[in-house]
$ cat work10.cif   # mmCIF, C-alpha atoms
data_final
#
loop_
_atom_site.label_atom_id
_atom_site.label_comp_id
_atom_site.auth_asym_id
_atom_site.auth_seq_id
_atom_site.Cartn_x
_atom_site.Cartn_y
_atom_site.Cartn_z
CA MET O 277 -81.30 39.02 10.07
CA LYS O 278 -82.18 35.44 9.16
CA ILE O 279 -80.82 35.97 5.64
CA SER O 280 -77.49 37.32 6.90
CA CYS O 281 -77.12 34.43 9.35
CA LEU O 282 -77.84 31.95 6.58
CA PHE O 283 -75.25 33.65 4.39
CA VAL O 284 -72.62 33.39 7.15
CA ILE O 285 -73.44 29.69 7.64
CA LEU O 286 -73.15 28.97 3.91
CA VAL O 287 -69.82 30.81 3.67
CA TYR O 288 -68.53 28.95 6.73
CA ARG O 289 -69.59 25.59 5.29
CA SER O 290 -67.91 26.36 1.97
CA MET O 291 -64.70 27.27 3.79
CA ILE O 292 -64.82 24.02 5.76
CA MET O 293 -65.58 21.88 2.70
CA LYS O 294 -63.09 23.54 0.36
CA LYS O 295 -59.72 21.79 0.40
CA LYS O 296 -56.38 22.41 -1.25
CA TYR O 297 -55.25 19.54 -3.46
CA LEU O 298 -51.97 18.85 -5.23
CA VAL O 299 -52.25 16.73 -8.38
CA CYS O 300 -48.90 15.38 -9.53
CA GLY O 301 -48.92 14.34 -13.17
CA ALA O 302 -51.62 16.95 -13.77
CA GLY O 303 -50.52 17.38 -17.38
CA GLY O 304 -51.26 13.75 -18.17
CA PHE O 305 -54.43 11.96 -19.20
CA ILE O 306 -55.93 10.85 -15.88
CA GLY O 307 -54.36 13.76 -14.01
CA GLY O 308 -55.98 16.35 -16.27
CA HIS O 309 -59.42 14.83 -15.85
CA LEU O 310 -58.91 14.63 -12.08
CA VAL O 311 -57.95 18.31 -11.88
CA ASN O 312 -61.06 19.25 -13.84
CA HIS O 313 -63.22 17.17 -11.50
CA LEU O 314 -61.74 18.66 -8.32
CA MET O 315 -62.15 22.17 -9.68
CA SER O 316 -65.81 21.47 -10.51
CA GLN O 317 -66.31 20.75 -6.80
CA GLY O 318 -64.90 24.13 -5.86
CA HIS O 319 -61.57 22.94 -4.49
CA GLU O 320 -58.30 24.79 -4.91
CA VAL O 321 -55.95 22.69 -7.04
CA VAL O 322 -52.19 22.99 -7.45
CA CYS O 323 -50.85 21.17 -10.51
CA ALA O 324 -47.41 19.72 -11.20
CA ASP O 325 -45.97 17.84 -14.18
CA ILE O 326 -42.56 17.34 -15.77
CA LYS O 327 -43.86 18.27 -19.24
CA PRO O 328 -43.69 21.87 -20.48
CA LYS O 329 -47.10 23.45 -19.92
CA GLU O 330 -47.80 23.72 -23.65
CA LEU O 331 -47.78 19.90 -23.75
CA TRP O 332 -50.26 19.35 -20.93
CA PHE O 333 -53.46 17.64 -22.06
CA GLN O 334 -55.54 20.02 -19.97
CA LEU O 335 -54.19 23.30 -18.58
CA PHE O 336 -56.32 25.48 -16.31
CA GLU O 337 -54.80 28.93 -16.14
CA ASN O 338 -56.46 29.88 -12.85
CA ASN O 339 -54.56 27.17 -11.00
CA GLN O 340 -51.02 27.30 -9.73
CA ASN O 341 -49.22 25.21 -12.35
CA PHE O 342 -45.67 23.91 -11.91
CA SER O 343 -43.56 22.41 -14.68
CA LEU O 344 -40.77 20.59 -12.82
CA ASP O 345 -39.19 17.20 -12.16
CA LEU O 346 -40.72 15.49 -9.13
CA LYS O 347 -37.89 12.97 -8.99
CA GLU O 348 -36.03 15.77 -7.17
CA PHE O 349 -36.77 16.04 -3.43
CA GLU O 350 -36.51 19.85 -3.37
CA ASN O 351 -39.26 20.11 -6.00
CA CYS O 352 -41.49 17.78 -3.97
CA ILE O 353 -40.99 19.98 -0.91
CA LYS O 354 -41.90 23.04 -2.97
CA VAL O 355 -45.17 21.76 -4.42
CA THR O 356 -46.45 20.18 -1.18
CA GLU O 357 -46.23 23.39 0.88
CA ASP O 358 -49.61 24.46 2.34
CA ILE O 359 -51.39 21.47 0.73
CA ASP O 360 -54.10 19.37 2.38
CA PHE O 361 -54.24 16.34 0.09
CA VAL O 362 -51.89 14.88 -2.55
CA TYR O 363 -52.81 12.79 -5.58
CA ASN O 364 -49.71 11.19 -7.13
CA MET O 365 -50.65 10.33 -10.72
CA ALA O 366 -47.12 11.03 -12.01
CA CYS O 367 -44.97 8.37 -13.67
CA ASN O 368 -43.13 7.68 -16.89
CA MET O 369 -45.42 5.32 -18.78
CA GLY O 370 -47.33 4.56 -21.94
CA GLY O 371 -48.73 1.62 -23.84
CA MET O 372 -47.13 -1.83 -23.97
CA GLY O 373 -44.68 -0.77 -26.66
CA PHE O 374 -43.28 1.97 -24.42
CA ILE O 375 -43.27 -0.11 -21.23
CA GLU O 376 -41.41 -3.06 -22.74
CA ASN O 377 -38.77 -0.87 -24.37
CA ASN O 378 -38.14 1.60 -21.52
CA LYS O 379 -37.87 -0.48 -18.36
CA ALA O 380 -35.19 1.62 -16.66
CA GLU O 381 -37.01 4.87 -17.41
CA CYS O 382 -40.22 3.42 -15.96
CA MET O 383 -38.46 2.29 -12.79
CA LEU O 384 -37.00 5.75 -12.18
CA SER O 385 -40.53 6.86 -11.30
CA VAL O 386 -39.90 5.24 -7.90
CA LEU O 387 -38.04 8.46 -7.06
CA ILE O 388 -41.24 10.46 -7.55
CA ASN O 389 -43.22 8.42 -5.06
CA THR O 390 -40.35 8.16 -2.58
CA ASN O 391 -39.61 11.87 -2.51
CA LEU O 392 -43.28 12.85 -2.47
CA LEU O 393 -43.84 10.61 0.56
CA ARG O 394 -40.88 12.23 2.33
CA ALA O 395 -42.15 15.68 1.45
CA CYS O 396 -45.64 14.82 2.68
CA LEU O 397 -44.25 13.98 6.10
CA LYS O 398 -42.26 17.18 6.28
CA ASN O 399 -45.19 19.35 5.19
CA LYS O 400 -47.77 17.43 7.24
CA ILE O 401 -50.03 16.34 4.38
CA LYS O 402 -53.37 14.95 5.59
CA LYS O 403 -53.79 12.22 2.96
CA TYR O 404 -51.70 10.80 0.11
CA PHE O 405 -52.93 8.88 -2.95
CA PHE O 406 -50.77 6.64 -5.15
CA SER O 407 -51.89 5.47 -8.59
CA SER O 408 -50.71 1.91 -9.12
CA SER O 409 -51.42 -0.43 -12.02
CA ALA O 410 -52.70 -3.87 -12.95
CA CYS O 411 -49.14 -4.46 -14.19
CA VAL O 412 -48.26 -5.42 -10.60
CA TYR O 413 -50.11 -8.74 -10.92
CA ASN O 414 -48.31 -12.07 -11.03
CA GLY O 415 -47.58 -12.94 -14.65
CA GLN O 416 -48.22 -16.66 -14.07
CA LYS O 417 -51.87 -15.86 -13.44
CA GLN O 418 -52.17 -14.19 -16.87
CA VAL O 419 -50.93 -16.81 -19.33
CA ASP O 420 -54.35 -17.65 -20.83
CA THR O 421 -57.03 -15.62 -22.58
CA PHE O 422 -60.29 -14.79 -20.79
CA ILE O 423 -58.90 -15.50 -17.34
CA PRO O 424 -60.90 -14.92 -14.15
CA GLY O 425 -60.66 -11.34 -12.91
CA LEU O 426 -57.53 -10.63 -10.92
CA LYS O 427 -58.13 -10.15 -7.20
CA GLU O 428 -56.04 -7.78 -5.12
CA ILE O 429 -54.35 -10.75 -3.41
CA ASP O 430 -53.09 -11.98 -6.80
CA ALA O 431 -50.15 -9.55 -6.75
CA TYR O 432 -48.29 -12.02 -4.52
CA PRO O 433 -46.15 -14.04 -4.79
CA ALA O 434 -44.60 -11.21 -6.77
CA GLU O 435 -43.95 -11.56 -10.49
CA PRO O 436 -45.10 -8.23 -11.95
CA GLU O 437 -44.48 -6.71 -15.38
CA ASP O 438 -40.74 -6.14 -15.62
CA GLY O 439 -39.71 -2.54 -15.07
CA TYR O 440 -42.99 -0.64 -14.82
CA GLY O 441 -44.81 -3.29 -12.77
CA TRP O 442 -41.95 -3.69 -10.30
CA GLU O 443 -41.81 0.07 -9.75
CA LYS O 444 -45.54 0.19 -9.03
CA LEU O 445 -45.42 -2.77 -6.64
CA PHE O 446 -42.44 -1.37 -4.76
CA SER O 447 -44.12 2.03 -4.48
CA GLU O 448 -47.26 0.40 -3.08
CA ARG O 449 -45.10 -1.08 -0.31
CA MET O 450 -43.53 2.32 0.33
CA CYS O 451 -47.00 3.79 0.92
CA ARG O 452 -47.87 0.93 3.27
CA HIS O 453 -44.74 1.34 5.35
CA PHE O 454 -45.02 5.15 5.51
CA SER O 455 -48.49 4.56 6.97
CA GLU O 456 -47.24 1.94 9.42
CA ASP O 457 -44.05 3.69 10.50
CA PHE O 458 -44.97 7.37 10.29
CA GLY O 459 -48.76 7.49 10.42
CA LEU O 460 -49.20 9.01 6.95
CA ASP O 461 -52.75 8.37 5.72
CA THR O 462 -52.34 6.72 2.29
CA ARG O 463 -54.63 5.33 -0.41
CA VAL O 464 -53.62 3.05 -3.30
CA VAL O 465 -55.58 1.88 -6.35
CA ARG O 466 -54.60 -0.38 -9.23
CA TYR O 467 -55.86 0.99 -12.55
CA HIS O 468 -56.83 -1.36 -15.37
CA ASN O 469 -56.32 0.17 -18.85
CA VAL O 470 -57.98 3.56 -18.52
CA TYR O 471 -59.08 5.17 -21.80
CA GLY O 472 -61.21 8.00 -23.14
CA PRO O 473 -61.09 11.47 -24.74
CA ILE O 474 -58.33 14.04 -24.17
CA GLY O 475 -55.56 11.48 -24.09
CA THR O 476 -52.67 10.12 -26.13
CA TYR O 477 -53.71 8.45 -29.38
CA ASP O 478 -50.45 8.44 -31.33
CA GLY O 479 -46.71 8.91 -30.91
CA GLY O 480 -45.85 5.60 -29.23
CA ARG O 481 -47.34 6.03 -25.74
CA GLU O 482 -50.99 5.41 -26.61
CA LYS O 483 -52.86 2.39 -25.28
CA ALA O 484 -54.85 -0.12 -27.30
CA PRO O 485 -58.30 1.59 -27.44
CA ALA O 486 -56.88 4.91 -28.66
CA ALA O 487 -54.35 3.27 -30.98
CA LEU O 488 -56.99 1.09 -32.63
CA CYS O 489 -59.44 3.99 -32.97
CA ARG O 490 -56.69 5.99 -34.68
CA LYS O 491 -55.81 3.14 -37.04
CA VAL O 492 -59.43 2.55 -38.03
CA ILE O 493 -60.03 6.27 -38.54
CA ASP O 494 -56.87 6.55 -40.64
CA ALA O 495 -58.00 3.61 -42.79
CA LYS O 496 -61.44 5.15 -43.25
CA LEU O 497 -60.11 8.59 -44.14
CA ASN O 498 -57.44 7.30 -46.51
CA LYS O 499 -59.48 4.45 -48.02
CA LYS O 500 -57.20 1.69 -46.75
CA ASP O 501 -58.47 -1.87 -46.52
CA LYS O 502 -56.40 -3.14 -43.57
CA ILE O 503 -54.80 -2.16 -40.26
CA GLU O 504 -51.80 -3.45 -38.32
CA VAL O 505 -52.50 -5.31 -35.08
CA TRP O 506 -49.85 -6.14 -32.47
CA GLY O 507 -49.94 -9.85 -31.67
CA ASP O 508 -52.60 -12.25 -32.92
CA GLY O 509 -55.48 -10.19 -31.56
CA GLU O 510 -56.61 -12.94 -29.22
CA GLN O 511 -54.99 -11.42 -26.12
CA THR O 512 -57.64 -10.16 -23.70
CA ARG O 513 -58.02 -7.13 -21.44
CA SER O 514 -60.65 -5.08 -19.67
CA PHE O 515 -60.83 -1.32 -20.28
CA LEU O 516 -62.09 1.40 -17.94
CA TYR O 517 -63.63 4.62 -19.23
CA ILE O 518 -62.13 7.80 -17.77
CA THR O 519 -65.24 9.08 -15.95
CA ASP O 520 -65.58 5.74 -14.17
CA CYS O 521 -61.89 5.97 -13.29
CA ILE O 522 -62.30 9.39 -11.68
CA GLU O 523 -65.39 8.30 -9.76
CA GLY O 524 -63.69 5.14 -8.46
CA THR O 525 -60.58 7.11 -7.55
CA GLU O 526 -62.59 9.63 -5.54
CA LYS O 527 -64.56 6.87 -3.79
CA VAL O 528 -61.36 5.19 -2.62
CA PHE O 529 -59.73 8.47 -1.65
CA ASN O 530 -62.67 9.55 0.49
CA SER O 531 -63.12 6.15 2.14
CA LYS O 532 -61.75 5.31 5.56
CA SER O 533 -60.03 2.17 4.27
CA GLN O 534 -56.31 1.93 3.58
CA ASN O 535 -56.78 -1.31 1.64
CA ILE O 536 -55.54 -1.52 -1.95
CA TYR O 537 -58.34 -1.71 -4.54
CA ASN O 538 -58.74 -2.51 -8.21
CA VAL O 539 -60.26 0.37 -10.17
CA GLY O 540 -61.10 -1.33 -13.43
CA SER O 541 -63.77 -2.95 -15.54
CA ASP O 542 -64.64 -6.65 -15.48
CA GLU O 543 -65.88 -6.51 -19.11
CA GLN O 544 -63.09 -8.62 -20.64
CA VAL O 545 -62.68 -8.64 -24.42
CA SER O 546 -60.08 -9.78 -26.93
CA ILE O 547 -58.30 -7.20 -29.06
CA ASN O 548 -60.08 -8.67 -32.08
CA GLN O 549 -63.43 -8.16 -30.38
CA MET O 550 -62.56 -4.57 -29.58
CA ILE O 551 -61.56 -3.98 -33.21
CA LYS O 552 -64.96 -5.31 -34.28
CA ILE O 553 -66.69 -2.79 -31.99
CA ILE O 554 -64.63 0.07 -33.45
CA GLU O 555 -65.29 -1.15 -37.01
CA ASP O 556 -69.02 -1.07 -36.28
CA ILE O 557 -68.71 2.48 -34.95
CA ALA O 558 -66.82 3.51 -38.10
CA ASP O 559 -69.09 1.48 -40.37
CA ILE O 560 -66.13 -0.21 -42.03
CA LYS O 561 -64.69 -3.73 -42.33
CA LEU O 562 -60.92 -4.12 -42.46
CA LYS O 563 -58.34 -6.84 -42.95
CA LYS O 564 -55.84 -7.39 -40.13
CA ASP O 565 -52.08 -7.53 -40.54
CA TYR O 566 -51.00 -9.31 -37.36
CA LEU O 567 -47.51 -8.32 -36.22
CA LEU O 568 -46.46 -11.23 -34.05
CA ASP O 569 -43.05 -9.75 -33.21
CA LYS O 570 -44.47 -6.63 -31.53
CA PRO O 571 -44.84 -6.21 -27.72
CA LYS O 572 -48.14 -7.67 -26.58
CA GLY O 573 -47.84 -8.13 -22.82
CA VAL O 574 -49.61 -10.86 -20.86
CA ARG O 575 -52.07 -13.15 -22.60
CA GLY O 576 -55.10 -12.24 -20.54
CA ARG O 577 -56.02 -9.70 -17.84
CA SER O 578 -59.21 -8.46 -16.23
CA SER O 579 -60.29 -6.80 -13.00
CA ASP O 580 -62.12 -8.49 -10.14
CA ASN O 581 -64.22 -5.74 -8.55
CA ALA O 582 -65.77 -7.71 -5.70
CA LYS O 583 -63.65 -6.10 -3.00
CA ILE O 584 -64.21 -2.47 -4.00
CA PHE O 585 -67.93 -3.08 -4.53
CA GLU O 586 -68.40 -4.80 -1.17
CA GLU O 587 -66.27 -2.38 0.87
CA ILE O 588 -66.78 0.97 -0.93
CA ASN O 589 -69.85 0.35 -3.10
CA TRP O 590 -68.26 1.29 -6.42
CA LYS O 591 -68.54 -0.36 -9.81
CA PRO O 592 -68.06 1.02 -13.36
CA SER O 593 -71.13 2.23 -15.23
CA ILE O 594 -69.88 2.88 -18.79
CA ASP O 595 -70.05 -0.10 -21.16
CA LEU O 596 -67.10 -0.58 -23.50
CA LYS O 597 -69.21 0.12 -26.60
CA VAL O 598 -70.37 3.44 -25.17
CA GLY O 599 -66.88 4.46 -24.06
CA LEU O 600 -65.30 3.50 -27.38
CA ASN O 601 -67.93 5.49 -29.25
CA LEU O 602 -67.10 8.61 -27.22
CA THR O 603 -63.37 8.02 -27.62
CA TYR O 604 -63.67 7.37 -31.37
CA ASP O 605 -65.66 10.59 -31.88
CA TRP O 606 -63.07 12.65 -30.02
CA ILE O 607 -60.09 11.17 -31.89
CA TYR O 608 -61.90 11.53 -35.21
CA LYS O 609 -62.39 15.23 -34.50
CA GLN O 610 -58.71 15.65 -33.60
CA MET O 611 -57.68 13.98 -36.86
CA THR O 612 -60.05 15.88 -39.14
CA ASP O 613 -60.88 19.40 -37.90
CA GLY O 614 -57.42 20.94 -37.99
CA SER O 615 -57.14 21.46 -34.22
CA ASN O 616 -55.11 18.33 -33.61
CA ILE O 617 -54.01 18.04 -29.97
CA LYS O 618 -50.34 18.77 -29.53
CA LYS O 619 -48.01 15.86 -30.30
CA PHE O 620 -45.81 14.79 -27.42
CA ALA O 621 -42.09 14.60 -27.78
CA LYS O 622 -40.89 11.05 -27.05
CA LYS O 623 -39.04 12.36 -23.99
CA TYR O 624 -42.36 12.92 -22.27
#
$ encode --input "work10.cif" --output "structure tokens"
Amino acid sequence: MKISCLFVILVYRSMIMKKKYLVCGAGGFIGGHLVNHLMSQGHEVVCADIKPKELWFQLFENNQNFSLDLKEFENCIKVTEDIDFVYNMACNMGGMGFIENNKAECMLSVLINTNLLRACLKNKIKKYFFSSSACVYNGQKQVDTFIPGLKEIDAYPAEPEDGYGWEKLFSERMCRHFSEDFGLDTRVVRYHNVYGPIGTYDGGREKAPAALCRKVIDAKLNKKDKIEVWGDGEQTRSFLYITDCIEGTEKVFNSKSQNIYNVGSDEQVSINQMIKIIEDIADIKLKKDYLLDKPKGVRGRSSDNAKIFEEINWKPSIDLKVGLNLTYDWIYKQMTDGSNIKKFAKKY
């Protein structure tokens, strides 16, 4: 009798704890890792992405997977039916080369957030998450290398990255006003250069850690003595490993606070310093061909994590050297074992 009662209690608890999540942008880098994490906790996950399913970074066949355009309101209504919680990780983005050359395309992502928010009201979603970016920060605060970490208040007065940054900042305000005017429970984080395995490393949308790992690996495999570097290599950034990103995201999502938080690393390095770390991993020394006419973004950027640590008790745990080693190993395998991850068409 005691055993059967215990079984009923455990089943009841699992039913109470199990939630139904929608991850928008599930076919992307962060979205795929988030889906995997939610599934590991036993939650039911519905996935949506504009890319054809064969181009998703991670595809879990047991989920309900939608390949559709979330800029369309009808599609947002469809995917939010019978959902408890929504993670919006969907946007048209890439590395600095893509962002600077596709400003209008980046800004069209505002339709995704707008129509998802409207759909969440209609379908009575319990909580909505929006993935913003460090590109919202005022450019005048990022004109030097090795600047102090950017605090959440540094987004105003507004002077974000043109195109992509403006879309993110506007969408943050949309979330705020949907909370104020309609009572929708929203969460917003600003990601700082997330990197790691199972992500883009070539094709034009890759970010600096993956791009530089690929270039160093290519030089090593093909016995080259130099690599191309965008800018003079002195520009600085901080980079957040993907598992830290997922942990920070979940901490903010599950908190009671509707404040905006940085989810980033405060370990600021120059691009040249990061190249040196990757060279040490590869056991190679290379010359640098600095391409000063290429997009390079702001001069310096890093994350101030005081607010998220004080209010939510989160900070990253993976050092850059450790994360780059894991990323390098994964990219090396993709480039050498014949099972190269599918290349993305530029459209996606």
$ resolve_selection --input "work10.cif" --expression "the PyMOL selection byres ((chain O and resi 346) around 10)" --output "short mmCIF file (atom, residue, chain, number, x, y, z; two decimals) with C-alpha atoms, keeping the file's coordinate frame"
data_model
loop_
_atom_site.label_atom_id
_atom_site.label_comp_id
_atom_site.auth_asym_id
_atom_site.auth_seq_id
_atom_site.Cartn_x
_atom_site.Cartn_y
_atom_site.Cartn_z
CA CYS O 300 -48.90 15.38 -9.53
CA GLY O 301 -48.92 14.34 -13.17
CA ALA O 324 -47.41 19.72 -11.20
CA ASP O 325 -45.97 17.84 -14.18
CA ILE O 326 -42.56 17.34 -15.77
CA SER O 343 -43.56 22.41 -14.68
CA LEU O 344 -40.77 20.59 -12.82
CA ASP O 345 -39.19 17.20 -12.16
CA LYS O 347 -37.89 12.97 -8.99
CA GLU O 348 -36.03 15.77 -7.17
CA PHE O 349 -36.77 16.04 -3.43
CA GLU O 350 -36.51 19.85 -3.37
CA ASN O 351 -39.26 20.11 -6.00
CA CYS O 352 -41.49 17.78 -3.97
CA ILE O 353 -40.99 19.98 -0.91
CA LYS O 354 -41.90 23.04 -2.97
CA VAL O 355 -45.17 21.76 -4.42
CA ALA O 366 -47.12 11.03 -12.01
CA CYS O 367 -44.97 8.37 -13.67
CA SER O 385 -40.53 6.86 -11.30
CA LEU O 387 -38.04 8.46 -7.06
CA ILE O 388 -41.24 10.46 -7.55
CA ASN O 389 -43.22 8.42 -5.06
CA THR O 390 -40.35 8.16 -2.58
CA ASN O 391 -39.61 11.87 -2.51
CA LEU O 392 -43.28 12.85 -2.47
#
$ closest_atom_pairs --input "work10.cif" --of "segment 505-573 of chain O" --to "segment 450-456 of chain O" --cutoff "12 Å" --atoms "all atoms listed in the file" --output "Markdown table"
| residue | atom | partner | partner_atom | distance |
| --- | --- | --- | --- | --- |
| O:Gln534 | CA | O:Arg452 | CA | 8.5 |
| O:Asn535 | CA | O:Arg452 | CA | 9.3 |
| O:Ile536 | CA | O:Arg452 | CA | 9.6 |
$ residues_near_point --input "work10.cif" --point "(-56.1, 3.5, 0.9)" --cutoff "12 Å" --atoms "only C-alpha atoms" --output "VMD selection string"
chain O and resid 363 403 to 408 448 to 449 451 to 452 455 460 to 466 525 to 538 584 587 to 588
$ write_last_selection --input "work10.cif" --atoms "C-alpha atoms" --output "PDB file, in the coordinates of the input"
ATOM      1  CA  TYR O 363     -52.810  12.790  -5.580  1.00  0.00           C
ATOM      2  CA  LYS O 403     -53.790  12.220   2.960  1.00  0.00           C
ATOM      3  CA  TYR O 404     -51.700  10.800   0.110  1.00  0.00           C
ATOM      4  CA  PHE O 405     -52.930   8.880  -2.950  1.00  0.00           C
ATOM      5  CA  PHE O 406     -50.770   6.640  -5.150  1.00  0.00           C
ATOM      6  CA  SER O 407     -51.890   5.470  -8.590  1.00  0.00           C
ATOM      7  CA  SER O 408     -50.710   1.910  -9.120  1.00  0.00           C
ATOM      8  CA  GLU O 448     -47.260   0.400  -3.080  1.00  0.00           C
ATOM      9  CA  ARG O 449     -45.100  -1.080  -0.310  1.00  0.00           C
ATOM     10  CA  CYS O 451     -47.000   3.790   0.920  1.00  0.00           C
ATOM     11  CA  ARG O 452     -47.870   0.930   3.270  1.00  0.00           C
ATOM     12  CA  SER O 455     -48.490   4.560   6.970  1.00  0.00           C
ATOM     13  CA  LEU O 460     -49.200   9.010   6.950  1.00  0.00           C
ATOM     14  CA  ASP O 461     -52.750   8.370   5.720  1.00  0.00           C
ATOM     15  CA  THR O 462     -52.340   6.720   2.290  1.00  0.00           C
ATOM     16  CA  ARG O 463     -54.630   5.330  -0.410  1.00  0.00           C
ATOM     17  CA  VAL O 464     -53.620   3.050  -3.300  1.00  0.00           C
ATOM     18  CA  VAL O 465     -55.580   1.880  -6.350  1.00  0.00           C
ATOM     19  CA  ARG O 466     -54.600  -0.380  -9.230  1.00  0.00           C
ATOM     20  CA  THR O 525     -60.580   7.110  -7.550  1.00  0.00           C
ATOM     21  CA  GLU O 526     -62.590   9.630  -5.540  1.00  0.00           C
ATOM     22  CA  LYS O 527     -64.560   6.870  -3.790  1.00  0.00           C
ATOM     23  CA  VAL O 528     -61.360   5.190  -2.620  1.00  0.00           C
ATOM     24  CA  PHE O 529     -59.730   8.470  -1.650  1.00  0.00           C
ATOM     25  CA  ASN O 530     -62.670   9.550   0.490  1.00  0.00           C
ATOM     26  CA  SER O 531     -63.120   6.150   2.140  1.00  0.00           C
ATOM     27  CA  LYS O 532     -61.750   5.310   5.560  1.00  0.00           C
ATOM     28  CA  SER O 533     -60.030   2.170   4.270  1.00  0.00           C
ATOM     29  CA  GLN O 534     -56.310   1.930   3.580  1.00  0.00           C
ATOM     30  CA  ASN O 535     -56.780  -1.310   1.640  1.00  0.00           C
ATOM     31  CA  ILE O 536     -55.540  -1.520  -1.950  1.00  0.00           C
ATOM     32  CA  TYR O 537     -58.340  -1.710  -4.540  1.00  0.00           C
ATOM     33  CA  ASN O 538     -58.740  -2.510  -8.210  1.00  0.00           C
ATOM     34  CA  ILE O 584     -64.210  -2.470  -4.000  1.00  0.00           C
ATOM     35  CA  GLU O 587     -66.270  -2.380   0.870  1.00  0.00           C
ATOM     36  CA  ILE O 588     -66.780   0.970  -0.930  1.00  0.00           C
TER      37      ILE O 588
END
$ residues_around --input "work10.cif" --residues "segment 336-339 of chain O" --least-positions-apart "5" --cutoff "9 Å" --atoms "all atoms listed in the file" --output "PyMOL selection string"
chain O and resi 311-312+320-323
$ resolve_selection --input "work10.cif" --expression "the PyMOL selection byres ((chain O and resi 369) around 12)" --output "VMD selection string"
chain O and resid 301 304 to 305 365 to 368 370 to 385 408 to 409 411 439 to 441 443 to 444 476 480 to 483 622 to 624
$ resolve_selection --input "work10.cif" --expression "the PyMOL selection byres ((chain O and resi 554-565) around 12)" --output "compact mmCIF listing (two decimals) with C-alpha atoms, in the frame of the given file"
# COMPACT_ATOMS: atom_id res chain seq x y z
CA ALA O 484 -54.85 -0.12 -27.30
CA PRO O 485 -58.30 1.59 -27.44
CA ALA O 486 -56.88 4.91 -28.66
CA ALA O 487 -54.35 3.27 -30.98
CA LEU O 488 -56.99 1.09 -32.63
CA CYS O 489 -59.44 3.99 -32.97
CA ARG O 490 -56.69 5.99 -34.68
CA LYS O 491 -55.81 3.14 -37.04
CA VAL O 492 -59.43 2.55 -38.03
CA ILE O 493 -60.03 6.27 -38.54
CA ASP O 494 -56.87 6.55 -40.64
CA ALA O 495 -58.00 3.61 -42.79
CA LYS O 496 -61.44 5.15 -43.25
CA LEU O 497 -60.11 8.59 -44.14
CA LYS O 499 -59.48 4.45 -48.02
CA LYS O 500 -57.20 1.69 -46.75
CA ASP O 501 -58.47 -1.87 -46.52
CA LYS O 502 -56.40 -3.14 -43.57
CA ILE O 503 -54.80 -2.16 -40.26
CA GLU O 504 -51.80 -3.45 -38.32
CA VAL O 505 -52.50 -5.31 -35.08
CA TRP O 506 -49.85 -6.14 -32.47
CA GLY O 507 -49.94 -9.85 -31.67
CA ASP O 508 -52.60 -12.25 -32.92
CA GLY O 509 -55.48 -10.19 -31.56
CA ILE O 547 -58.30 -7.20 -29.06
CA ASN O 548 -60.08 -8.67 -32.08
CA GLN O 549 -63.43 -8.16 -30.38
CA MET O 550 -62.56 -4.57 -29.58
CA ILE O 551 -61.56 -3.98 -33.21
CA LYS O 552 -64.96 -5.31 -34.28
CA ILE O 553 -66.69 -2.79 -31.99
CA TYR O 566 -51.00 -9.31 -37.36
CA LEU O 567 -47.51 -8.32 -36.22
CA LEU O 568 -46.46 -11.23 -34.05
CA ASP O 569 -43.05 -9.75 -33.21
CA LYS O 570 -44.47 -6.63 -31.53
CA LEU O 596 -67.10 -0.58 -23.50
CA LYS O 597 -69.21 0.12 -26.60
CA VAL O 598 -70.37 3.44 -25.17
CA GLY O 599 -66.88 4.46 -24.06
CA LEU O 600 -65.30 3.50 -27.38
CA ASN O 601 -67.93 5.49 -29.25
CA LEU O 602 -67.10 8.61 -27.22
CA THR O 603 -63.37 8.02 -27.62
CA TYR O 604 -63.67 7.37 -31.37
CA ASP O 605 -65.66 10.59 -31.88
CA ILE O 607 -60.09 11.17 -31.89
CA TYR O 608 -61.90 11.53 -35.21
$ closest_residue --input "work10.cif" --among "O:Gln334, O:Gln340, O:Phe361, O:Ile429" --to "Lys294 of chain O" --atoms "only C-alpha atoms"
O:Phe361
$ axis_aligned_box --input "work10.cif" --around "segment 529-548 of chain O" --padding-each-side "6 Å" --output "JSON"
{"center_x": -60.7, "center_y": -0.1, "center_z": -13.3, "size_x": 22.3, "size_y": 31.3, "size_z": 49.6}
$ residues_around --input "work10.cif" --residues "segment 513-521 of chain O" --least-positions-apart "3" --cutoff "9 Å" --atoms "only C-alpha atoms" --output "ChimeraX atom specification"
/O:305-306,309,421-422,467-473,485,524-526,539-547,575-579,591-596,599-600
$ atom_distance --input "work10.cif" --atom1 "atom CA of Cys396 of chain O" --atom2 "atom CA of Tyr297 of chain O"
12.3 Å
$ closest_residue --input "work10.cif" --among "O:Gly308, O:Gly459, O:Pro571, O:Gly303" --to "Leu393 of chain O" --atoms "only C-alpha atoms"
O:Gly459
$ residues_around --input "work10.cif" --residues "Ala434 of chain O" --least-positions-apart "6" --cutoff "9 Å" --atoms "all atoms listed in the file" --output "ChimeraX atom specification"
/O:412-415,442,445
$ residues_near_point --input "work10.cif" --point "(-50.7, 27.3, 3.8)" --cutoff "12 Å" --atoms "all atoms listed in the file" --output "list in words"
Lys295, Lys296, Tyr297, Glu320, Lys354, Val355, Thr356, Glu357, Asp358, Ile359, Asp360, Asn399, Lys400 and Ile401 of chain O
